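Here is the structure we will look at, set down as structure tokens.
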Amino acid sequence: MQNQWKKVLLMGKSNAGKTSMRSIIFANYIARETTRLGYTQDVEHSHVRFLGNLVLNLWDCGGQEAYMESYFESQRDHIFRNVAVLIYVFDIESQQMAKDMQYFTLCIDALKTNSENPKVFCLVHKMDLVPEETRDQVFEKQEALIRGVVGSLDTTCFQTSIWDETLYRAWSQIVYSLIPNVAALENHLASFCQGCGADEVVLFERATFLVISHSTQKAFRDVHRFEKISNIIKQFKLSCSKSQAQFNRMQIKNSKFTAIIDAFTPTTCIMVICSDPAALPAMTLVNINNARSYFEKHISMDIGGEASSGKAV
Amino acid sequence: MPAAVIKPEVLSQTLTSVALPGCCLSSRLLTTGGSLLSYTGSFSGEELTASVIANAWATYSQSDTKRGPRLNFLYVDCQEGRTIVTQVLPGLLLSLMSDKTLPLHELQAKLLVLKEHLSVTLEQAFPAGQAGTLLSSSCVTSD
């Protein structure tokens, strides 16, 4: 099976929060641990394998002025060539918003010149520092500025903070937009959810526990449940690894429901929630086992196809 | 979606189809490892009972193979009822429990009918005798 490289740039000014969010999403830091991260020097370049055949090529560019100027003078073509996704981080508390927008404009211009049909995701970050009553207004104003720069590029803006679930949700949507044939994947998941009598089935990417897709047969009150579950599982996985053990499967049962989180395909985990008393955990595990090979085949199919457009998870 | 994904209701309804009012009949579908896949009836402690049944079957079938033919039925006459167990597919057991009012031959007849009904559905979910291995590494926490 061929590797399909997808290049993702993570950019923004100094101290915008790029390294912190990369650490939280991909290296399983928790928010308070990011206080010990120093300034990123030059460009930190890392590969993150995702869904087996996709490789997110993360370029975490140090945002200090000297490095930013270097990009545009000497490394512009190299950095901005063949970019599938640009994730640009704005620090909402920045005292130099005009200069921030100037650099953003340079990035967008370089992107338009060197890459074909890139997607742009702008994370308006550190929104926890903005009073809640003015948050939406501040965000909308920033979004208007951003859209004035990007023009016709496919652009999505998010309010984010490392202290709540907004960061996770934004990255989930970013990654979701990179999955090829996601409509077919969602149809299969919906069929599986109905077929095994589950209330909800969620597919997580195995390394980051970002939600790839889900199917829900029943309304749930907590719209942030995926992010919370993801954080709990990631911390549990870290605890397991400290004990030299590898997380494989978890089953939680109370009087109202049974939740099973199991390794599914080599690159995904699945969570199945059942409240039907007839749906015993062992039978759910059998259904997961039987669906596994079918999904492995379908998630890996059409990997060379067009990536879907972004959609709220 | 493959036909091998089974809705739990389908199993429950099939197991219920042989219930006879007034006989306290309960049925259990379990793996030879003791994992309960489906059950019907009024008896409590289902998962513990499934483990006991699986263990008893394993003990008798192990000693049986040394001496002669394969174990077909396990019949247990309990203090307050009767239990009969048979293998549906490799790795899958079916048990019926009743009180003492139901004669043994009737209990066995019901078991065979239920086994026939279930076999077709379960063959898709448990191909080529994989039932014994499918749930071998289960990690369970209960509240």
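Chain labels A, B, ... are given in the sequence in which chains occur in the structure tokens; within each chain residues are numbered consecutively from 1, and ligands are likewise numbered from 1 in the order shown.
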
**Request:** Do a neighbour search on Thr155 (chain A) at 9 Å with only C-alpha atoms, toss out local chain neighbours closer than 3 positions, and write the hits as number ranges by chain.
**Result:** A: 119-122, 146-147, 150-152

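Near chain B, counting only C-alpha atoms at 6 Å, the chain A residues are Gly195, Cys196, Gly197, Gln251, Ile252, Lys253, Asn254, Ala278, Ala279, Leu280, Ala282, Met283 and Asn287 of chain A.
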
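Checking A:Val201, A:Ile87, A:Cys274, A:Ala291 one by one against Phe257 (chain A), counting only C-alpha atoms, you find the shortest gap at A:Cys274.
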
Residues within 9 Å of Val83 (chain A), please, as a PDB file with C-alpha atoms, in the first residue's frame. Count only C-alpha atoms; anything in the same chain fewer than 5 positions from it doesn't count.
```
ATOM      1  CA  LYS A   6       0.057  15.105   3.465  1.00  0.00           C
ATOM      2  CA  LYS A   7       2.189  18.156   4.464  1.00  0.00           C
ATOM      3  CA  VAL A   8       0.788  20.195   7.323  1.00  0.00           C
ATOM      4  CA  LEU A   9       2.366  23.504   8.352  1.00  0.00           C
ATOM      5  CA  LEU A 111       1.087  29.368   0.120  1.00  0.00           C
ATOM      6  CA  ASN A 114       3.735  27.267  -3.997  1.00  0.00           C
ATOM      7  CA  SER A 115       0.824  24.974  -3.170  1.00  0.00           C
ATOM      8  CA  GLU A 116      -2.296  23.796  -4.927  1.00  0.00           C
ATOM      9  CA  ASN A 117      -5.694  24.054  -3.188  1.00  0.00           C
ATOM     10  CA  PRO A 118      -4.416  24.111   0.364  1.00  0.00           C
ATOM     11  CA  LYS A 119      -6.823  24.207   3.261  1.00  0.00           C
TER      12      LYS A 119
END
```

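For the pair CA of Ser293 (chain A) and CA of Thr208 (chain A), the interatomic distance is 22.0 Å.
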
**Item:** Which of region 166-228 of chain A fall in helix (DSSP H, G or I), as an NGL selection string
**Value:** :A and (166-176 or 182-195 or 225-228)

Could you save those same residues with N, CA and C atoms as a PDB file, in the first residue's frame?
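And here's selection16.pdb as it stands now:
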```pdb
ATOM      1  N   THR A 166     -11.923  23.055  23.346  1.00  0.00           N
ATOM      2  CA  THR A 166     -11.979  23.692  22.019  1.00  0.00           C
ATOM      3  C   THR A 166     -10.775  23.305  21.157  1.00  0.00           C
ATOM      4  N   LEU A 167      -9.628  23.128  21.796  1.00  0.00           N
ATOM      5  CA  LEU A 167      -8.431  22.772  21.031  1.00  0.00           C
ATOM      6  C   LEU A 167      -8.592  21.400  20.399  1.00  0.00           C
ATOM      7  N   TYR A 168      -9.058  20.476  21.178  1.00  0.00           N
ATOM      8  CA  TYR A 168      -9.277  19.114  20.702  1.00  0.00           C
ATOM      9  C   TYR A 168     -10.267  19.110  19.546  1.00  0.00           C
ATOM     10  N   ARG A 169     -11.333  19.856  19.716  1.00  0.00           N
ATOM     11  CA  ARG A 169     -12.386  19.870  18.688  1.00  0.00           C
ATOM     12  C   ARG A 169     -11.841  20.426  17.370  1.00  0.00           C
ATOM     13  N   ALA A 170     -11.044  21.491  17.486  1.00  0.00           N
ATOM     14  CA  ALA A 170     -10.481  22.096  16.269  1.00  0.00           C
ATOM     15  C   ALA A 170      -9.561  21.105  15.554  1.00  0.00           C
ATOM     16  N   TRP A 171      -8.680  20.447  16.294  1.00  0.00           N
ATOM     17  CA  TRP A 171      -7.757  19.500  15.664  1.00  0.00           C
ATOM     18  C   TRP A 171      -8.494  18.290  15.117  1.00  0.00           C
ATOM     19  N   SER A 172      -9.537  17.879  15.799  1.00  0.00           N
ATOM     20  CA  SER A 172     -10.349  16.766  15.288  1.00  0.00           C
ATOM     21  C   SER A 172     -10.921  17.105  13.925  1.00  0.00           C
ATOM     22  N   GLN A 173     -11.407  18.317  13.783  1.00  0.00           N
ATOM     23  CA  GLN A 173     -12.001  18.722  12.508  1.00  0.00           C
ATOM     24  C   GLN A 173     -10.937  18.858  11.432  1.00  0.00           C
ATOM     25  N   ILE A 174      -9.764  19.311  11.845  1.00  0.00           N
ATOM     26  CA  ILE A 174      -8.673  19.430  10.871  1.00  0.00           C
ATOM     27  C   ILE A 174      -8.322  18.051  10.330  1.00  0.00           C
ATOM     28  N   VAL A 175      -8.134  17.113  11.243  1.00  0.00           N
ATOM     29  CA  VAL A 175      -7.743  15.769  10.839  1.00  0.00           C
ATOM     30  C   VAL A 175      -8.873  15.102  10.048  1.00  0.00           C
ATOM     31  N   TYR A 176     -10.089  15.334  10.459  1.00  0.00           N
ATOM     32  CA  TYR A 176     -11.267  14.793   9.761  1.00  0.00           C
ATOM     33  C   TYR A 176     -11.259  15.206   8.293  1.00  0.00           C
ATOM     34  N   VAL A 182     -14.486   9.812   3.582  1.00  0.00           N
ATOM     35  CA  VAL A 182     -15.017   9.796   4.944  1.00  0.00           C
ATOM     36  C   VAL A 182     -16.526   9.538   4.959  1.00  0.00           C
ATOM     37  N   ALA A 183     -17.227   9.908   3.895  1.00  0.00           N
ATOM     38  CA  ALA A 183     -18.681   9.666   3.845  1.00  0.00           C
ATOM     39  C   ALA A 183     -18.968   8.177   3.884  1.00  0.00           C
ATOM     40  N   ALA A 184     -18.197   7.418   3.126  1.00  0.00           N
ATOM     41  CA  ALA A 184     -18.378   5.960   3.122  1.00  0.00           C
ATOM     42  C   ALA A 184     -18.046   5.382   4.494  1.00  0.00           C
ATOM     43  N   LEU A 185     -16.987   5.911   5.099  1.00  0.00           N
ATOM     44  CA  LEU A 185     -16.616   5.449   6.441  1.00  0.00           C
ATOM     45  C   LEU A 185     -17.757   5.676   7.418  1.00  0.00           C
ATOM     46  N   GLU A 186     -18.371   6.856   7.340  1.00  0.00           N
ATOM     47  CA  GLU A 186     -19.469   7.183   8.264  1.00  0.00           C
ATOM     48  C   GLU A 186     -20.684   6.300   8.016  1.00  0.00           C
ATOM     49  N   ASN A 187     -20.928   5.970   6.760  1.00  0.00           N
ATOM     50  CA  ASN A 187     -22.054   5.075   6.464  1.00  0.00           C
ATOM     51  C   ASN A 187     -21.832   3.702   7.072  1.00  0.00           C
ATOM     52  N   HIS A 188     -20.603   3.212   6.931  1.00  0.00           N
ATOM     53  CA  HIS A 188     -20.292   1.899   7.507  1.00  0.00           C
ATOM     54  C   HIS A 188     -20.437   1.922   9.021  1.00  0.00           C
ATOM     55  N   LEU A 189     -19.983   3.022   9.613  1.00  0.00           N
ATOM     56  CA  LEU A 189     -20.057   3.132  11.069  1.00  0.00           C
ATOM     57  C   LEU A 189     -21.516   3.172  11.533  1.00  0.00           C
ATOM     58  N   ALA A 190     -22.346   3.895  10.781  1.00  0.00           N
ATOM     59  CA  ALA A 190     -23.772   3.970  11.125  1.00  0.00           C
ATOM     60  C   ALA A 190     -24.413   2.590  11.016  1.00  0.00           C
ATOM     61  N   SER A 191     -24.053   1.850   9.977  1.00  0.00           N
ATOM     62  CA  SER A 191     -24.596   0.495   9.815  1.00  0.00           C
ATOM     63  C   SER A 191     -24.161  -0.397  10.968  1.00  0.00           C
ATOM     64  N   PHE A 192     -22.907  -0.259  11.360  1.00  0.00           N
ATOM     65  CA  PHE A 192     -22.400  -1.063  12.463  1.00  0.00           C
ATOM     66  C   PHE A 192     -23.117  -0.705  13.756  1.00  0.00           C
ATOM     67  N   CYS A 193     -23.328   0.574  13.979  1.00  0.00           N
ATOM     68  CA  CYS A 193     -23.999   1.034  15.197  1.00  0.00           C
ATOM     69  C   CYS A 193     -25.410   0.455  15.291  1.00  0.00           C
ATOM     70  N   GLN A 194     -26.118   0.516  14.181  1.00  0.00           N
ATOM     71  CA  GLN A 194     -27.472  -0.059  14.173  1.00  0.00           C
ATOM     72  C   GLN A 194     -27.423  -1.575  14.286  1.00  0.00           C
ATOM     73  N   GLY A 195     -26.478  -2.165  13.575  1.00  0.00           N
ATOM     74  CA  GLY A 195     -26.404  -3.629  13.512  1.00  0.00           C
ATOM     75  C   GLY A 195     -26.096  -4.280  14.850  1.00  0.00           C
ATOM     76  N   ARG A 225     -18.306  15.423  25.149  1.00  0.00           N
ATOM     77  CA  ARG A 225     -17.983  14.122  25.742  1.00  0.00           C
ATOM     78  C   ARG A 225     -16.783  13.465  25.045  1.00  0.00           C
ATOM     79  N   PHE A 226     -16.651  13.656  23.736  1.00  0.00           N
ATOM     80  CA  PHE A 226     -15.544  12.997  23.039  1.00  0.00           C
ATOM     81  C   PHE A 226     -14.200  13.509  23.534  1.00  0.00           C
ATOM     82  N   GLU A 227     -14.117  14.838  23.685  1.00  0.00           N
ATOM     83  CA  GLU A 227     -12.867  15.418  24.154  1.00  0.00           C
ATOM     84  C   GLU A 227     -12.535  14.928  25.555  1.00  0.00           C
ATOM     85  N   LYS A 228     -13.547  14.864  26.408  1.00  0.00           N
ATOM     86  CA  LYS A 228     -13.320  14.421  27.790  1.00  0.00           C
ATOM     87  C   LYS A 228     -12.872  12.967  27.811  1.00  0.00           C
TER      88      LYS A 228
END
```

**Message:** Neighbouring residues of Gln217 (chain A) were defined as those with any atom within 8 Å, considering only C-alpha atoms; residues of the same chain fewer than 2 positions away were excluded. Please report them as a ChimeraX atom specification.
**Reply:** /A:193-194,198-200,215,219

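Proximity to Ala110 (chain A) was assessed for A:Ile179, A:Ala84, A:Val149, A:Ile79 counting only C-alpha atoms; the smallest distance is recorded for A:Ile79.
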
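Residue neighbourhood of His117 (chain B), excluding near-sequence residues (fewer than 5 positions): B:Val10, B:Leu11, B:Gln13, B:Thr14, B:Leu15, B:Thr16, B:Ser17, B:Val18, B:Val88, B:Leu94, B:Lys110, B:Leu111, B:Leu112, B:Leu122, B:Glu123, at 12 Å, using only C-alpha atoms.
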